[in-house]
>>> print(open('start_38.pdb').read())   # PDB, C-alpha atoms and all ligand atoms
ATOM      1  CA  MET A   9     135.658 113.803 135.305
ATOM      2  CA  ASP A  10     137.166 110.729 136.944
ATOM      3  CA  ARG A  11     135.236 110.311 140.196
ATOM      4  CA  THR A  12     138.227 108.729 141.920
ATOM      5  CA  ASP A  13     140.176 112.003 141.492
ATOM      6  CA  GLY A  14     140.706 113.737 144.790
ATOM      7  CA  GLU A  15     139.538 110.845 146.939
ATOM      8  CA  SER A  16     143.101 110.316 148.148
ATOM      9  CA  SER A  17     143.020 113.827 149.674
ATOM     10  CA  GLY A  18     140.108 112.696 151.851
ATOM     11  CA  GLN A  19     138.388 116.018 151.171
ATOM     12  CA  GLN A  20     134.796 116.667 150.180
ATOM     13  CA  ARG A  21     134.363 116.976 146.399
ATOM     14  CA  TRP A  22     131.683 118.872 144.496
ATOM     15  CA  PHE A  23     130.312 117.494 141.223
ATOM     16  CA  ALA A  24     127.684 119.622 139.496
ATOM     17  CA  ASP A  25     125.577 116.687 138.225
ATOM     18  CA  ARG A  26     125.485 114.957 141.612
ATOM     19  CA  TYR A  27     124.696 118.274 143.268
ATOM     20  CA  ALA A  28     121.803 118.964 140.874
ATOM     21  CA  ALA A  29     120.389 115.459 141.413
ATOM     22  CA  ASN A  30     120.623 115.339 145.214
ATOM     23  CA  ALA A  31     120.793 118.918 146.439
ATOM     24  CA  ARG A  32     118.510 121.138 144.365
ATOM     25  CA  PHE A  33     116.584 121.882 147.565
ATOM     26  CA  VAL A  34     119.589 123.885 148.822
ATOM     27  CA  SER A  35     119.133 126.703 146.322
ATOM     28  CA  ASP A  36     115.322 126.313 146.128
ATOM     29  CA  LEU A  37     114.965 126.921 149.879
ATOM     30  CA  ALA A  38     117.246 129.950 149.759
ATOM     31  CA  GLU A  39     114.980 132.104 147.606
ATOM     32  CA  PRO A  40     114.004 134.302 150.629
ATOM     33  CA  LEU A  41     117.617 135.497 150.591
ATOM     34  CA  ILE A  42     116.988 137.120 147.221
ATOM     35  CA  GLU A  43     114.180 139.167 148.769
ATOM     36  CA  ILE A  44     116.498 140.323 151.546
ATOM     37  CA  LEU A  45     119.261 141.072 149.044
ATOM     38  CA  ALA A  46     116.863 143.024 146.798
ATOM     39  CA  PRO A  47     119.328 143.179 143.878
ATOM     40  CA  LYS A  48     118.988 146.154 141.568
ATOM     41  CA  LYS A  49     119.893 146.764 137.949
ATOM     42  CA  GLY A  50     123.294 148.395 137.797
ATOM     43  CA  GLU A  51     124.596 146.766 140.977
ATOM     44  CA  PHE A  52     127.667 144.521 140.961
ATOM     45  CA  ILE A  53     127.133 141.447 143.131
ATOM     46  CA  LEU A  54     129.272 138.460 144.153
ATOM     47  CA  ASP A  55     127.742 135.062 144.913
ATOM     48  CA  LEU A  56     130.308 133.390 147.166
ATOM     49  CA  GLY A  57     130.180 129.577 147.005
ATOM     50  CA  CYS A  58     127.842 129.862 144.035
ATOM     51  CA  GLY A  59     127.673 126.114 143.383
ATOM     52  CA  ASP A  60     126.077 125.291 140.029
ATOM     53  CA  GLY A  61     124.558 128.778 139.817
ATOM     54  CA  ALA A  62     120.853 127.995 140.294
ATOM     55  CA  LEU A  63     120.509 130.704 142.969
ATOM     56  CA  THR A  64     122.993 133.019 141.246
ATOM     57  CA  LYS A  65     120.703 132.924 138.200
ATOM     58  CA  LEU A  66     117.933 134.629 140.203
ATOM     59  CA  VAL A  67     120.263 137.553 140.897
ATOM     60  CA  PHE A  68     121.329 137.548 137.243
ATOM     61  CA  ASP A  69     117.678 137.692 136.158
ATOM     62  CA  SER A  70     117.085 140.743 138.375
ATOM     63  CA  GLY A  71     119.225 142.806 135.998
ATOM     64  CA  ALA A  72     122.126 143.191 138.417
ATOM     65  CA  THR A  73     125.582 142.198 137.228
ATOM     66  CA  VAL A  74     126.591 139.103 139.171
ATOM     67  CA  ILE A  75     129.637 136.893 139.266
ATOM     68  CA  GLY A  76     129.960 133.540 140.967
ATOM     69  CA  ALA A  77     132.985 132.346 142.923
ATOM     70  CA  ASP A  78     133.402 128.770 144.051
ATOM     71  CA  ALA A  79     136.290 126.467 144.959
ATOM     72  CA  SER A  80     135.004 123.697 142.675
ATOM     73  CA  PHE A  81     135.951 123.891 138.985
ATOM     74  CA  ASP A  82     133.048 121.581 138.157
ATOM     75  CA  GLN A  83     130.530 123.881 139.866
ATOM     76  CA  VAL A  84     132.092 126.974 138.266
ATOM     77  CA  THR A  85     131.784 125.325 134.852
ATOM     78  CA  ALA A  86     128.083 124.617 135.487
ATOM     79  CA  CYS A  87     127.534 128.220 136.587
ATOM     80  CA  LYS A  88     129.238 129.510 133.446
ATOM     81  CA  LYS A  89     126.927 127.306 131.347
ATOM     82  CA  LEU A  90     124.039 129.441 132.671
ATOM     83  CA  GLY A  91     125.777 132.464 131.153
ATOM     84  CA  ILE A  92     127.019 133.748 134.499
ATOM     85  CA  PRO A  93     130.659 134.864 134.735
ATOM     86  CA  SER A  94     132.271 132.721 137.424
ATOM     87  CA  VAL A  95     135.686 132.160 138.912
ATOM     88  CA  ALA A  96     137.317 129.285 140.764
ATOM     89  CA  MET A  97     138.440 130.767 144.047
ATOM     90  CA  ASP A  98     138.842 129.673 147.645
ATOM     91  CA  GLY A  99     136.642 131.799 149.886
ATOM     92  CA  HIS A 100     139.468 131.967 152.426
ATOM     93  CA  ASN A 101     141.540 133.937 149.911
ATOM     94  CA  LEU A 102     139.149 136.290 148.175
ATOM     95  CA  ALA A 103     141.056 138.588 145.832
ATOM     96  CA  PHE A 104     138.705 141.560 145.432
ATOM     97  CA  ASN A 105     139.148 145.134 146.601
ATOM     98  CA  GLU A 106     136.050 147.321 147.196
ATOM     99  CA  VAL A 107     134.283 146.343 143.990
ATOM    100  CA  PHE A 108     130.944 144.843 145.005
ATOM    101  CA  ASP A 109     127.717 146.564 146.011
ATOM    102  CA  ALA A 110     126.631 143.323 147.679
ATOM    103  CA  ILE A 111     127.665 139.761 148.443
ATOM    104  CA  LEU A 112     125.229 136.851 148.521
ATOM    105  CA  THR A 113     126.290 133.543 150.011
ATOM    106  CA  ASN A 114     124.160 130.466 150.600
ATOM    107  CA  ALA A 115     125.072 127.142 152.205
ATOM    108  CA  ALA A 116     128.745 127.703 151.570
ATOM    109  CA  LEU A 117     130.309 129.563 154.500
ATOM    110  CA  HIS A 118     129.979 126.573 156.830
ATOM    111  CA  TRP A 119     132.369 124.669 154.524
ATOM    112  CA  MET A 120     135.025 127.328 155.180
ATOM    113  CA  THR A 121     136.523 126.488 158.533
ATOM    114  CA  SER A 122     138.648 129.631 159.052
ATOM    115  CA  PRO A 123     135.738 132.086 159.274
ATOM    116  CA  ASP A 124     137.727 135.232 160.038
ATOM    117  CA  ASP A 125     139.777 134.845 156.851
ATOM    118  CA  VAL A 126     136.517 134.646 154.897
ATOM    119  CA  ILE A 127     134.965 137.601 156.740
ATOM    120  CA  ASN A 128     138.085 139.710 156.101
ATOM    121  CA  GLY A 129     137.912 138.861 152.398
ATOM    122  CA  MET A 130     134.193 139.651 152.131
ATOM    123  CA  TRP A 131     134.679 142.959 153.937
ATOM    124  CA  ALA A 132     137.526 143.938 151.608
ATOM    125  CA  ALA A 133     135.524 142.883 148.533
ATOM    126  CA  LEU A 134     132.601 145.177 149.387
ATOM    127  CA  LYS A 135     132.472 148.869 148.633
ATOM    128  CA  PRO A 136     131.909 151.006 151.757
ATOM    129  CA  GLY A 137     128.171 150.761 152.410
ATOM    130  CA  GLY A 138     128.003 147.399 150.644
ATOM    131  CA  ARG A 139     125.628 144.660 151.829
ATOM    132  CA  LEU A 140     126.318 141.085 152.889
ATOM    133  CA  VAL A 141     123.355 138.698 152.818
ATOM    134  CA  GLY A 142     123.863 135.072 153.693
ATOM    135  CA  GLU A 143     122.698 131.797 155.074
ATOM    136  CA  MET A 144     124.807 128.923 156.365
ATOM    137  CA  GLY A 145     124.562 125.937 158.663
ATOM    138  CA  GLY A 146     124.215 127.154 162.242
ATOM    139  CA  ALA A 147     124.733 125.643 165.697
ATOM    140  CA  GLY A 148     122.947 122.298 165.966
ATOM    141  CA  ASN A 149     122.796 121.760 162.204
ATOM    142  CA  ILE A 150     122.480 118.056 161.267
ATOM    143  CA  ALA A 151     123.339 117.078 164.857
ATOM    144  CA  THR A 152     121.592 113.710 164.507
ATOM    145  CA  ILE A 153     123.523 112.814 161.360
ATOM    146  CA  ILE A 154     126.830 113.936 162.856
ATOM    147  CA  ARG A 155     126.204 111.830 165.944
ATOM    148  CA  ALA A 156     125.477 108.715 163.867
ATOM    149  CA  LEU A 157     128.526 109.256 161.631
ATOM    150  CA  THR A 158     130.745 109.739 164.670
ATOM    151  CA  GLU A 159     129.376 106.637 166.394
ATOM    152  CA  ALA A 160     129.758 104.466 163.279
ATOM    153  CA  LEU A 161     133.366 105.624 162.851
ATOM    154  CA  THR A 162     134.070 105.136 166.552
ATOM    155  CA  CYS A 163     132.837 101.526 166.288
ATOM    156  CA  ARG A 164     135.546 101.035 163.641
ATOM    157  CA  GLY A 165     138.261 102.656 165.788
ATOM    158  CA  LEU A 166     138.448 105.598 163.366
ATOM    159  CA  GLN A 167     137.296 108.399 165.686
ATOM    160  CA  ASP A 168     140.764 109.983 165.881
ATOM    161  CA  LYS A 169     140.834 110.363 162.116
ATOM    162  CA  ILE A 170     137.721 112.557 161.932
ATOM    163  CA  GLU A 171     138.454 116.070 160.703
ATOM    164  CA  PHE A 172     135.241 117.980 161.140
ATOM    165  CA  PRO A 173     134.599 119.731 157.794
ATOM    166  CA  TRP A 174     132.034 122.261 158.994
ATOM    167  CA  PHE A 175     131.769 125.472 160.997
ATOM    168  CA  PHE A 176     128.257 125.814 162.444
ATOM    169  CA  PRO A 177     128.261 128.954 164.623
ATOM    170  CA  HIS A 178     125.759 130.316 167.105
ATOM    171  CA  GLU A 179     124.139 133.686 166.316
ATOM    172  CA  GLN A 180     126.141 135.524 168.948
ATOM    173  CA  GLU A 181     129.454 134.060 167.811
ATOM    174  CA  TYR A 182     128.944 134.971 164.153
ATOM    175  CA  ARG A 183     127.605 138.421 165.026
ATOM    176  CA  GLN A 184     130.736 139.085 167.085
ATOM    177  CA  ARG A 185     133.023 137.949 164.270
ATOM    178  CA  LEU A 186     131.243 140.216 161.761
ATOM    179  CA  GLU A 187     131.232 143.177 164.146
ATOM    180  CA  ALA A 188     134.898 142.658 165.012
ATOM    181  CA  ARG A 189     135.687 143.230 161.329
ATOM    182  CA  GLY A 190     133.555 146.370 161.205
ATOM    183  CA  PHE A 191     130.271 145.058 159.780
ATOM    184  CA  ILE A 192     127.019 146.482 161.082
ATOM    185  CA  VAL A 193     124.792 143.453 161.652
ATOM    186  CA  ASP A 194     121.263 144.401 160.609
ATOM    187  CA  TYR A 195     119.746 140.988 161.254
ATOM    188  CA  ILE A 196     120.920 137.554 162.345
ATOM    189  CA  GLU A 197     118.766 134.570 163.264
ATOM    190  CA  LEU A 198     119.214 130.857 163.886
ATOM    191  CA  ILE A 199     116.365 129.071 162.090
ATOM    192  CA  PRO A 200     115.602 125.388 162.739
ATOM    193  CA  ARG A 201     114.508 124.130 159.320
ATOM    194  CA  PRO A 202     113.802 120.391 159.109
ATOM    195  CA  THR A 203     114.462 119.737 155.432
ATOM    196  CA  PRO A 204     112.822 116.990 153.337
ATOM    197  CA  LEU A 205     115.389 115.225 151.172
ATOM    198  CA  PRO A 206     114.678 114.309 147.544
ATOM    199  CA  GLY A 207     115.909 110.741 147.981
ATOM    200  CA  GLU A 208     117.656 108.378 150.320
ATOM    201  CA  LEU A 209     119.744 109.514 153.258
ATOM    202  CA  THR A 210     122.594 107.529 151.696
ATOM    203  CA  ASN A 211     122.477 109.928 148.706
ATOM    204  CA  TRP A 212     122.787 112.840 151.102
ATOM    205  CA  LEU A 213     125.846 111.151 152.636
ATOM    206  CA  ASP A 214     127.363 110.692 149.159
ATOM    207  CA  THR A 215     126.756 114.354 148.314
ATOM    208  CA  PHE A 216     127.745 116.043 151.561
ATOM    209  CA  GLY A 217     129.550 113.521 153.755
ATOM    210  CA  GLU A 218     132.534 112.390 151.739
ATOM    211  CA  GLN A 219     135.024 113.512 154.330
ATOM    212  CA  PHE A 220     133.519 110.904 156.678
ATOM    213  CA  LEU A 221     132.945 108.227 154.010
ATOM    214  CA  PHE A 222     136.550 108.387 152.797
ATOM    215  CA  LEU A 223     137.740 107.247 156.219
ATOM    216  CA  VAL A 224     136.113 103.863 155.571
ATOM    217  CA  PRO A 225     137.686 101.365 153.131
ATOM    218  CA  GLU A 226     135.863 101.492 149.800
ATOM    219  CA  LYS A 227     134.506  97.939 150.022
ATOM    220  CA  GLU A 228     132.869  98.702 153.390
ATOM    221  CA  ARG A 229     131.306 102.030 152.420
ATOM    222  CA  GLN A 230     127.899 100.812 151.293
ATOM    223  CA  GLY A 231     127.472  98.983 154.591
ATOM    224  CA  PHE A 232     128.708 102.009 156.507
ATOM    225  CA  LYS A 233     126.175 104.316 154.830
ATOM    226  CA  LYS A 234     123.319 101.883 155.478
ATOM    227  CA  GLU A 235     124.368 101.590 159.116
ATOM    228  CA  VAL A 236     124.324 105.395 159.533
ATOM    229  CA  ALA A 237     120.932 105.624 157.806
ATOM    230  CA  GLU A 238     119.466 102.950 160.084
ATOM    231  CA  ALA A 239     120.852 104.726 163.159
ATOM    232  CA  VAL A 240     119.073 107.998 162.258
ATOM    233  CA  ARG A 241     115.910 106.396 160.855
ATOM    234  CA  PRO A 242     113.885 106.698 164.103
ATOM    235  CA  ASP A 243     114.534 110.465 164.188
ATOM    236  CA  LEU A 244     114.718 111.449 160.523
ATOM    237  CA  PHE A 245     112.437 109.129 158.555
ATOM    238  CA  GLU A 246     108.820 110.241 158.512
ATOM    239  CA  PRO A 247     106.101 107.577 158.762
ATOM    240  CA  HIS A 248     104.729 108.382 155.321
ATOM    241  CA  GLY A 249     108.065 107.674 153.780
ATOM    242  CA  ARG A 250     110.521 110.502 153.361
ATOM    243  CA  TRP A 251     113.779 111.510 154.963
ATOM    244  CA  VAL A 252     113.840 114.891 156.708
ATOM    245  CA  ALA A 253     117.292 116.171 157.685
ATOM    246  CA  ASP A 254     117.637 118.152 160.909
ATOM    247  CA  TYR A 255     118.915 121.353 159.328
ATOM    248  CA  VAL A 256     119.432 124.546 161.327
ATOM    249  CA  ARG A 257     120.284 127.640 159.285
ATOM    250  CA  LEU A 258     121.964 130.855 160.356
ATOM    251  CA  ARG A 259     120.580 133.683 158.244
ATOM    252  CA  PHE A 260     122.040 137.170 158.378
ATOM    253  CA  SER A 261     122.234 140.547 156.738
ATOM    254  CA  ALA A 262     125.053 143.003 157.433
ATOM    255  CA  THR A 263     126.514 146.191 156.006
ATOM    256  CA  ARG A 264     130.057 147.420 155.600
ATOM    257  CA  SER A 265     129.787 150.862 157.114
ATOM    258  CA  ALA A 266     129.897 153.732 154.632
ATOM    259  CA  GLU A 267     132.780 155.466 156.440
ATOM    260  CA  SER A 268     135.159 152.493 156.556
TER
HETATM  261  C1  LIG B 301     126.034 123.299 149.456
HETATM  262  S1  LIG B 301     126.840 124.084 148.103
HETATM  263  C2  LIG B 301     125.903 125.586 147.938
HETATM  264  C3  LIG B 301     125.919 126.105 146.525
HETATM  265  C4  LIG B 301     124.996 127.275 146.202
HETATM  266  N1  LIG B 301     125.320 128.451 146.970
HETATM  267  C5  LIG B 301     123.541 126.905 146.343
HETATM  268  O1  LIG B 301     122.797 127.627 147.035
HETATM  269  O2  LIG B 301     123.122 125.904 145.749
HETATM  270  C6  LIG B 301     128.362 124.626 148.812
HETATM  271  C7  LIG B 301     129.321 125.195 147.798
HETATM  272  O3  LIG B 301     130.417 125.783 148.518
HETATM  273  C8  LIG B 301     131.590 125.570 147.772
HETATM  274  N2  LIG B 301     132.746 125.681 148.656
HETATM  275  C9  LIG B 301     133.109 124.836 149.640
HETATM  276  N3  LIG B 301     134.244 125.260 150.213
HETATM  277  C10 LIG B 301     134.595 126.404 149.564
HETATM  278  C11 LIG B 301     135.673 127.326 149.702
HETATM  279  N4  LIG B 301     136.641 127.146 150.614
HETATM  280  N5  LIG B 301     135.709 128.382 148.874
HETATM  281  C12 LIG B 301     134.752 128.580 147.926
HETATM  282  N6  LIG B 301     133.716 127.742 147.753
HETATM  283  C13 LIG B 301     133.637 126.678 148.572
HETATM  284  C14 LIG B 301     131.417 124.177 147.183
HETATM  285  O4  LIG B 301     132.262 123.964 146.072
HETATM  286  C15 LIG B 301     129.935 124.156 146.852
HETATM  287  O5  LIG B 301     129.701 124.509 145.510
END
>>> encode(input="start_38.pdb", output="structure tokens", more="lines below")
Ligand SMILES: C[S@@+](CC[C@H](N)C(=O)[O-])C[C@H]1O[C@@H](n2cnc3c(N)ncnc32)[C@H](O)[C@@H]1O
Amino acid sequence: MDRTDGESSGQQRWFADRYAANARFVSDLAEPLIEILAPKKGEFILDLGCGDGALTKLVFDSGATVIGADASFDQVTACKKLGIPSVAMDGHNLAFNEVFDAILTNAALHWMTSPDDVINGMWAALKPGGRLVGEMGGAGNIATIIRALTEALTCRGLQDKIEFPWFFPHEQEYRQRLEARGFIVDYIELIPRPTPLPGELTNWLDTFGEQFLFLVPEKERQGFKKEVAEAVRPDLFEPHGRWVADYVRLRFSATRSAES
């Protein structure tokens, strides 16, 4: 795939090889969700925002029937290579009607900035009594990185061009949205989870921060990334030599009521 494709849109892009190299920790750290989900043989489960399918595979291996849905064709292709049926689909426009026993979603919902559209689609996709188990960025997630990105763009007079790509809700806000749609919220918790990165902070910016990077002319981007990394170094670089991002996760489990 030509890596310059899509840059003109200014939107974040997802490449399976870059994701596997820089972001394997995302699915690795989500394994507790599988325990909460407790998938069973015979169940039909959707993994929304499945990425390259590393987490989806754990559901697959449980004996449940699982399909992945993701907006990125490249990620969907990687998921299919694991033998998991997968579809390219925007989570804001889910096209399922009461078919799933459960939905799993990890580290994806915060990329979907119209949350009620997504919640409506998940609710409709579940059978009555179906379970929703998820984790996403929550309030305060990567606040240090966001501050440094915003300051570095402001120094360049680009602050008005920033379109914030994430939705990081508080517990109460997300609970209310789920309940407003008719979900019974069994559990919801904001979990500060400082997260060691596998490499340089600049790699993290390449993988997750394109919507900010694309605001800067290409020839200035390396310098921009280094400037952001230096700005967060006092807070996010540990003395013994690794970057630790200031992640905060919102983990939840909810049920579509059996009567609805
Ligand atoms: C950080 S990755 C998480 C992937 C996977 N769930 C995991 O645990 O590794 C976020 C994923 O959300 C997908 N995504 C972002 N916006 C989306 C949308 N509007 N609809 C569906 N998927 C979306 C991206 O393509 C990407 O694969």
>>> residues_near_ligand(input="start_38.pdb", ligand="ligand LIG 301 (chain B)", cutoff="7 Å", atoms="all atoms listed in the file", output="list in words")
Trp22, Arg32, Val34, Ser35, Ala38, Leu56, Gly57, Cys58, Gly59, Asp60, Gly61, Ala62, Leu63, Ala77, Asp78, Ala79, Ser80, Gln83, Met97, Asp98, Gly99, His100, Thr113, Asn114, Ala115, Ala116, Trp119 and Met120 of chain A
>>> closest_residue(input="start_38.pdb", among="A:Phe33, A:Phe191, A:Trp174, A:Trp131", to="A:Ala151", atoms="only C-alpha atoms")
A:Trp174
>>> residues_around(input="start_38.pdb", residues="A:Ile196", least_positions_apart="6", cutoff="9 Å", atoms="all atoms listed in the file", output="CSV table (one decimal) with C-alpha atoms, in the frame of the given file")
chain,number,residue,atom,x,y,z
A,179,GLU,CA,124.1,133.7,166.3
A,180,GLN,CA,126.1,135.5,168.9
A,182,TYR,CA,128.9,135.0,164.2
A,183,ARG,CA,127.6,138.4,165.0
A,258,LEU,CA,122.0,130.9,160.4
A,259,ARG,CA,120.6,133.7,158.2
A,260,PHE,CA,122.0,137.2,158.4
A,261,SER,CA,122.2,140.5,156.7
A,262,ALA,CA,125.1,143.0,157.4
>>> resolve_selection(input="start_38.pdb", expression="the PyMOL selection byres (((chain A and resi 123) around 10) and not hetatm)", output="ChimeraX atom specification")
/A:99-100,117-122,124-129,175,177,182,185-186
>>> residues_around(input="start_38.pdb", residues="stretch 221-232 of chain A", least_positions_apart="3", cutoff="10 Å", atoms="all atoms listed in the file", output="ChimeraX atom specification")
/A:15-20,157,160-161,164,166-167,169-171,210,213-214,216-218,235-238
>>> residues_around(input="start_38.pdb", residues="A:Gly71", least_positions_apart="6", cutoff="9 Å", atoms="all atoms listed in the file", output="VMD selection string")
chain A and resid 47 to 51
>>> decode(input="start_38.pdb", residues="stretch 157-178 of chain A", atoms="C-alpha atoms", output="PDB file, in the first residue's frame")
ATOM      1  CA  LEU A 157       1.080  18.275  20.723  1.00  0.00           C
ATOM      2  CA  THR A 158      -1.246  21.229  21.230  1.00  0.00           C
ATOM      3  CA  GLU A 159       1.573  23.478  22.443  1.00  0.00           C
ATOM      4  CA  ALA A 160       3.879  22.516  19.557  1.00  0.00           C
ATOM      5  CA  LEU A 161       1.107  23.226  17.037  1.00  0.00           C
ATOM      6  CA  THR A 162       0.218  26.484  18.776  1.00  0.00           C
ATOM      7  CA  CYS A 163       3.858  27.614  18.470  1.00  0.00           C
ATOM      8  CA  ARG A 164       3.442  27.165  14.701  1.00  0.00           C
ATOM      9  CA  GLY A 165       0.149  29.104  14.601  1.00  0.00           C
ATOM     10  CA  LEU A 166      -1.733  25.899  13.739  1.00  0.00           C
ATOM     11  CA  GLN A 167      -3.939  25.609  16.838  1.00  0.00           C
ATOM     12  CA  ASP A 168      -7.131  26.487  14.937  1.00  0.00           C
ATOM     13  CA  LYS A 169      -6.556  23.587  12.574  1.00  0.00           C
ATOM     14  CA  ILE A 170      -6.606  20.912  15.291  1.00  0.00           C
ATOM     15  CA  GLU A 171      -9.534  18.523  14.967  1.00  0.00           C
ATOM     16  CA  PHE A 172      -9.451  16.402  18.074  1.00  0.00           C
ATOM     17  CA  PRO A 173      -9.701  12.773  16.874  1.00  0.00           C
ATOM     18  CA  TRP A 174     -10.655  11.176  20.184  1.00  0.00           C
ATOM     19  CA  PHE A 175     -13.590  10.842  22.563  1.00  0.00           C
ATOM     20  CA  PHE A 176     -12.330  10.135  26.093  1.00  0.00           C
ATOM     21  CA  PRO A 177     -15.396  10.086  28.373  1.00  0.00           C
ATOM     22  CA  HIS A 178     -15.754  10.056  32.134  1.00  0.00           C
TER      23      HIS A 178
END
